[in-house]
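Novice: Dumping the structure here so I can ask a few things about it.
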Amino acid sequence: MTYHPHLDFTVYPITIYHPQMQAILKEILWYKKLEVAQMQQDMSWASLQRQLTAAPTVRDFLTALQQSVYKPSLIAEVRKLSLYQSVIRQDFEPVTIAQAYKRGGASCISVVTDQKFFQGGFDHLRAIRYRVALPLLCKDFIIDPCQIYLARSAGADAVLLMAAILADKDLKNFLRVIHYLGMNAVIQVHNLTDLDRVLELEDLRIISINNQNLTDLTININTTQELLAARKSQLQKLGILVISESGIETPDDLSLVGDAGVQTVIMGESLLKESDLEVAVRNLLQSKFPIHH
């Protein structure tokens, strides 16, 4: 594959974020900017090109979600810490967790790669990629293209972009970079304002509605219902796959968001607290209304 020189990796300033964003999120973004600046110093474009060329083949994240027998399909998340840095699962082995998710029936795996606040890393992504045959979503606070390139070199098949922390021009550029590298972009929104911004993007394929409020970090699953009630017809017309995340824990929650029009859910903490992950995933997916015809 040839990489165009215009896909540069200069530092992109954060020009938009929720004005009342919770302090912990502002702190994360501040550290992320330092982290990206360090990446810039440590890495040459030539070395990055070599890593990209050697990266494992991209797996089809979108198709895996669309073709799941379970409706909604499941993206199961590998993460060690919650937002306030409490350990979710003591016996945290990323590969073992991902393998259990796959056996239970998950369609894709989400891997949290932020190191400082969540004790994740691209090494987790890379290790899972070579041991688990499911498409992988890199979940991080992406503020610069170099993070996208590193995610791809580690084996990511999709990358999460948070609309709340990125300006329109950066969303547009990052989306183009992700698609150019053969991956899918999952654009995360928290409210109708961000959803309307995102719907202006070209070649939008996947959005994720996060039910967590960025101002006070409360979680309300009705956020998904409200946003879909307002824009469902537009999303369907554009053929956009809709994900819901945060606050989804039970079969009733799955039914609720599924009936609202969600095709996929991301779940992490509620599953990771279960002693047997494989059984927890299987029971969740096969209970109540496993398949909506």
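A note on labels: chains of the structure tokens are A, B, ... as shown, every chain counts residues from 1, and ligands are counted from 1 in their shown order.
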Which residues are close to Ser208 of chain A, i.e. within 10 Å by only C-alpha atoms, leaving aside same-chain residues fewer than 4 positions away? Reply as a ChimeraX atom specification.

Specialist: /A:160-162,186-190,195,224,241-245,262,264-266

Novice: Given the selection you just returned, output its residues as a file containing all heavy atoms, formatted as a short mmCIF file (atom, residue, chain, number, x, y, z; two decimals), in the first residue's frame.

Specialist:
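Output below, filename result-v2.cif:
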```cif
data_model
loop_
_atom_site.label_atom_id
_atom_site.label_comp_id
_atom_site.auth_asym_id
_atom_site.auth_seq_id
_atom_site.Cartn_x
_atom_site.Cartn_y
_atom_site.Cartn_z
N LEU A 160 -12.35 4.77 17.34
CA LEU A 160 -13.39 5.64 17.90
C LEU A 160 -12.95 7.10 17.83
O LEU A 160 -11.82 7.44 18.20
CB LEU A 160 -13.67 5.27 19.35
CG LEU A 160 -14.82 6.05 20.00
CD1 LEU A 160 -16.13 5.31 19.80
CD2 LEU A 160 -14.57 6.29 21.49
N LEU A 161 -13.85 7.97 17.38
CA LEU A 161 -13.63 9.42 17.40
C LEU A 161 -14.73 10.05 18.25
O LEU A 161 -15.91 9.78 18.03
CB LEU A 161 -13.68 10.01 15.99
CG LEU A 161 -12.65 9.51 14.98
CD1 LEU A 161 -12.89 10.15 13.62
CD2 LEU A 161 -11.22 9.80 15.46
N MET A 162 -14.36 10.90 19.20
CA MET A 162 -15.34 11.58 20.05
C MET A 162 -15.69 12.93 19.45
O MET A 162 -14.85 13.83 19.39
CB MET A 162 -14.79 11.78 21.46
CG MET A 162 -14.70 10.53 22.31
SD MET A 162 -14.04 10.89 23.97
CE MET A 162 -15.35 11.94 24.66
N VAL A 186 -15.81 4.88 14.12
CA VAL A 186 -17.01 4.92 14.96
C VAL A 186 -17.05 6.32 15.58
O VAL A 186 -16.19 6.67 16.39
CB VAL A 186 -16.96 3.85 16.06
CG1 VAL A 186 -18.17 3.97 16.99
CG2 VAL A 186 -16.90 2.45 15.45
N ILE A 187 -18.02 7.13 15.17
CA ILE A 187 -18.10 8.50 15.66
C ILE A 187 -19.04 8.53 16.86
O ILE A 187 -20.22 8.23 16.75
CB ILE A 187 -18.63 9.47 14.58
CG1 ILE A 187 -17.94 9.22 13.24
CG2 ILE A 187 -18.45 10.91 15.05
CD1 ILE A 187 -16.49 9.61 13.18
N GLN A 188 -18.51 8.92 18.01
CA GLN A 188 -19.28 8.90 19.26
C GLN A 188 -19.92 10.26 19.51
O GLN A 188 -19.26 11.29 19.44
CB GLN A 188 -18.36 8.54 20.42
CG GLN A 188 -19.06 8.38 21.76
CD GLN A 188 -18.06 8.17 22.88
OE1 GLN A 188 -17.50 9.12 23.41
NE2 GLN A 188 -17.83 6.92 23.24
N VAL A 189 -21.22 10.23 19.82
CA VAL A 189 -21.96 11.45 20.15
C VAL A 189 -22.64 11.28 21.51
O VAL A 189 -22.95 10.17 21.93
CB VAL A 189 -23.01 11.80 19.07
CG1 VAL A 189 -22.35 11.99 17.71
CG2 VAL A 189 -24.10 10.73 18.99
N HIS A 190 -22.85 12.42 22.17
CA HIS A 190 -23.48 12.40 23.49
C HIS A 190 -24.80 13.16 23.53
O HIS A 190 -25.54 13.07 24.50
CB HIS A 190 -22.54 13.01 24.54
CG HIS A 190 -21.32 12.20 24.82
ND1 HIS A 190 -20.22 12.18 23.97
CD2 HIS A 190 -21.02 11.35 25.84
CE1 HIS A 190 -19.30 11.37 24.48
NE2 HIS A 190 -19.76 10.87 25.61
N LEU A 195 -24.75 15.03 17.31
CA LEU A 195 -25.27 14.14 16.27
C LEU A 195 -25.53 14.92 14.98
O LEU A 195 -25.18 14.45 13.88
CB LEU A 195 -26.55 13.45 16.76
CG LEU A 195 -27.25 12.52 15.74
CD1 LEU A 195 -26.31 11.45 15.22
CD2 LEU A 195 -28.48 11.87 16.37
N THR A 224 -30.28 7.43 24.25
CA THR A 224 -30.34 6.71 22.97
C THR A 224 -31.74 6.82 22.37
O THR A 224 -31.89 7.11 21.17
CB THR A 224 -29.95 5.23 23.16
OG1 THR A 224 -28.55 5.15 23.44
CG2 THR A 224 -30.23 4.43 21.90
N LEU A 241 -25.05 2.60 10.63
CA LEU A 241 -25.21 1.66 11.73
C LEU A 241 -25.12 2.41 13.04
O LEU A 241 -24.22 3.23 13.24
CB LEU A 241 -24.13 0.57 11.66
CG LEU A 241 -24.24 -0.51 12.74
CD1 LEU A 241 -24.11 -1.89 12.14
CD2 LEU A 241 -23.18 -0.32 13.83
N VAL A 242 -26.07 2.16 13.95
CA VAL A 242 -26.14 2.88 15.22
C VAL A 242 -25.79 1.96 16.39
O VAL A 242 -26.36 0.88 16.53
CB VAL A 242 -27.55 3.48 15.44
CG1 VAL A 242 -27.59 4.23 16.78
CG2 VAL A 242 -27.92 4.42 14.30
N ILE A 243 -24.85 2.42 17.19
CA ILE A 243 -24.41 1.71 18.40
C ILE A 243 -24.90 2.49 19.61
O ILE A 243 -24.99 3.73 19.57
CB ILE A 243 -22.87 1.62 18.44
CG1 ILE A 243 -22.33 0.85 17.23
CG2 ILE A 243 -22.38 0.98 19.74
CD1 ILE A 243 -20.81 0.93 17.07
N SER A 244 -25.19 1.80 20.70
CA SER A 244 -25.47 2.46 21.97
C SER A 244 -24.48 1.94 23.01
O SER A 244 -24.13 0.75 23.01
CB SER A 244 -26.90 2.17 22.43
OG SER A 244 -27.18 2.83 23.66
N GLU A 245 -24.02 2.83 23.87
CA GLU A 245 -23.07 2.42 24.92
C GLU A 245 -23.29 3.21 26.20
O GLU A 245 -23.88 4.29 26.18
CB GLU A 245 -21.62 2.57 24.45
CG GLU A 245 -21.21 3.99 24.11
CD GLU A 245 -19.75 4.08 23.71
OE1 GLU A 245 -18.89 3.60 24.47
OE2 GLU A 245 -19.46 4.62 22.62
N VAL A 262 -31.40 0.66 17.57
CA VAL A 262 -29.96 0.37 17.70
C VAL A 262 -29.64 -1.00 17.12
O VAL A 262 -30.36 -1.97 17.37
CB VAL A 262 -29.54 0.44 19.19
CG1 VAL A 262 -28.20 -0.22 19.42
CG2 VAL A 262 -29.53 1.88 19.65
N THR A 264 -26.34 -2.31 17.40
CA THR A 264 -25.18 -2.84 18.13
C THR A 264 -25.05 -2.14 19.47
O THR A 264 -25.42 -0.97 19.60
CB THR A 264 -23.89 -2.61 17.30
OG1 THR A 264 -24.02 -3.20 16.02
CG2 THR A 264 -22.68 -3.22 18.00
N VAL A 265 -24.50 -2.84 20.45
CA VAL A 265 -24.19 -2.21 21.74
C VAL A 265 -22.73 -2.47 22.08
O VAL A 265 -22.14 -3.47 21.67
CB VAL A 265 -25.09 -2.73 22.88
CG1 VAL A 265 -26.54 -2.36 22.64
CG2 VAL A 265 -24.93 -4.24 23.07
N ILE A 266 -22.16 -1.53 22.83
CA ILE A 266 -20.83 -1.74 23.43
C ILE A 266 -21.06 -1.95 24.92
O ILE A 266 -21.71 -1.15 25.58
CB ILE A 266 -19.91 -0.54 23.22
CG1 ILE A 266 -19.63 -0.31 21.73
CG2 ILE A 266 -18.58 -0.75 23.97
CD1 ILE A 266 -18.78 0.93 21.44
#
```

Novice: How many Å lie between atom CA of Pro135 of chain A and atom CA of Ala46 of chain A, rounded to one decimal?

Specialist: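 If I compute the distance from atom CA of Pro135 of chain A to atom CA of Ala46 of chain A, I get 26.9 Å.
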
Novice: For the structure I just gave you, how does DSSP split segment 172-231 of chain A - specifically, which residues are alpha helix (DSSP H)? Reply as an NGL selection string.

Specialist: :A and (172-180 or 192-198 or 222-231)

Novice: Using only C-alpha atoms, which of the listed residues (A:Tyr130, A:Gly268, A:Ala37, A:Asn210) sits closest to Val111 of chain A?

Specialist: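 Closest to Val111 of chain A, using only C-alpha atoms: A:Gly268.
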
Novice: Taking only segment 99-261 of chain A into account, list the residues labelled strand (DSSP E) by DSSP (computed from the backbone), as a PyMOL selection string.

Specialist: chain A and resi 108-112+136-139+158-162+184-189+206-210+241-245

Novice: Quick one: which segment 38-126 of chain A residues come within 9 Å of segment 271-278 of chain A, and what is the nearest atom pair for each with the distance in Å to one decimal, counting only C-alpha atoms, rows ordered by chain and ascending number, as a Markdown table?

Specialist:
```
| residue | atom | partner | partner_atom | distance |
| --- | --- | --- | --- | --- |
| A:Ala76 | CA | A:Leu271 | CA | 8.1 |
| A:Glu77 | CA | A:Leu272 | CA | 8.4 |
| A:Val78 | CA | A:Leu272 | CA | 8.1 |
| A:Arg79 | CA | A:Leu272 | CA | 8.4 |
| A:Lys80 | CA | A:Leu272 | CA | 8.8 |
| A:Ile88 | CA | A:Lys273 | CA | 6.4 |
| A:Arg89 | CA | A:Leu272 | CA | 6.1 |
| A:Ile97 | CA | A:Leu277 | CA | 7.2 |
| A:Gln99 | CA | A:Glu278 | CA | 8.4 |
| A:Ala100 | CA | A:Glu278 | CA | 4.7 |
| A:Tyr101 | CA | A:Glu278 | CA | 5.6 |
| A:Lys102 | CA | A:Glu278 | CA | 7.7 |
| A:Arg103 | CA | A:Glu278 | CA | 6.0 |
| A:Gly104 | CA | A:Glu278 | CA | 4.4 |
| A:Gly105 | CA | A:Glu278 | CA | 8.1 |
```

Novice: Could the residues in this selection be saved with N, CA, C and O atoms as a compact mmCIF listing (two decimals), in the first residue's frame?

Specialist:
```txt
# COMPACT_ATOMS: atom_id res chain seq x y z
N ALA A 76 -17.83 -6.27 22.73
CA ALA A 76 -17.47 -6.45 24.14
C ALA A 76 -16.14 -5.76 24.41
O ALA A 76 -15.20 -5.86 23.62
N GLU A 77 -16.08 -5.04 25.53
CA GLU A 77 -14.93 -4.17 25.77
C GLU A 77 -13.91 -4.74 26.75
O GLU A 77 -14.26 -5.27 27.79
N VAL A 78 -12.63 -4.56 26.37
CA VAL A 78 -11.50 -4.94 27.23
C VAL A 78 -10.96 -3.66 27.85
O VAL A 78 -10.40 -2.81 27.17
N ARG A 79 -11.16 -3.52 29.14
CA ARG A 79 -10.64 -2.34 29.86
C ARG A 79 -10.37 -2.74 31.30
O ARG A 79 -11.11 -3.52 31.90
N LYS A 80 -9.34 -2.17 31.88
CA LYS A 80 -8.96 -2.53 33.25
C LYS A 80 -9.60 -1.63 34.29
O LYS A 80 -10.03 -2.09 35.35
N ILE A 88 -11.77 -2.68 37.58
CA ILE A 88 -13.04 -3.37 37.30
C ILE A 88 -12.89 -4.87 37.51
O ILE A 88 -13.78 -5.52 38.06
N ARG A 89 -11.76 -5.39 37.08
CA ARG A 89 -11.53 -6.84 37.16
C ARG A 89 -10.11 -7.08 37.64
O ARG A 89 -9.15 -6.65 37.02
N ILE A 97 -9.53 -12.45 28.28
CA ILE A 97 -10.83 -11.80 28.30
C ILE A 97 -11.44 -11.78 26.90
O ILE A 97 -12.60 -12.14 26.69
N GLN A 99 -10.75 -13.68 24.34
CA GLN A 99 -11.08 -15.04 23.90
C GLN A 99 -12.41 -15.51 24.49
O GLN A 99 -13.22 -16.15 23.81
N ALA A 100 -12.66 -15.18 25.76
CA ALA A 100 -13.93 -15.53 26.40
C ALA A 100 -15.09 -14.81 25.73
O ALA A 100 -16.16 -15.38 25.50
N TYR A 101 -14.89 -13.54 25.41
CA TYR A 101 -15.91 -12.78 24.71
C TYR A 101 -16.27 -13.45 23.38
O TYR A 101 -17.44 -13.55 23.02
N LYS A 102 -15.26 -13.86 22.65
CA LYS A 102 -15.50 -14.49 21.35
C LYS A 102 -16.28 -15.79 21.51
O LYS A 102 -17.25 -16.05 20.80
N ARG A 103 -15.88 -16.61 22.46
CA ARG A 103 -16.58 -17.89 22.68
C ARG A 103 -18.03 -17.65 23.07
O ARG A 103 -18.92 -18.44 22.74
N GLY A 104 -18.29 -16.55 23.79
CA GLY A 104 -19.65 -16.25 24.24
C GLY A 104 -20.56 -15.73 23.14
O GLY A 104 -21.78 -15.75 23.30
N GLY A 105 -19.97 -15.24 22.04
CA GLY A 105 -20.80 -14.79 20.92
C GLY A 105 -20.67 -13.33 20.55
O GLY A 105 -21.45 -12.82 19.74
```

Novice: Would you kindly return, as a list of chain:residue names, each protein, DNA or RNA residue with an atom no farther than 12 Å from any atom of segment 232-237 of chain A, considering only C-alpha atoms and excluding same-chain residues fewer than 3 positions away?

Specialist: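 Final neighbour list, sorted by chain and number: A:Leu192, A:Leu195, A:Asp196, A:Val198, A:Leu199, A:Glu200, A:Leu204, A:Arg205, A:Ile206, A:Ile207, A:Ser208, A:Thr224, A:Gln225, A:Glu226, A:Leu227, A:Leu228, A:Ala229, A:Ile240, A:Leu241, A:Val242, A:Ile243, A:Asp259, A:Ala260, A:Gly261, A:Val262, A:Gln263.
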
Novice: Give the answer as one residue: which of A:Asn191, A:Glu269, A:Ile143, A:Asp60 has the shortest atom-to-atom distance to Val112 of chain A, using only C-alpha atoms?

Specialist: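 Using only C-alpha atoms, Val112 of chain A sits closest to A:Glu269.
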
Novice: Got a sec: who's within 9 Å of Tyr84 of chain A, counting only C-alpha atoms, leaving out chain neighbours fewer than 3 positions off, as a PyMOL selection string?

Specialist: chain A and resi 24+81+117-118
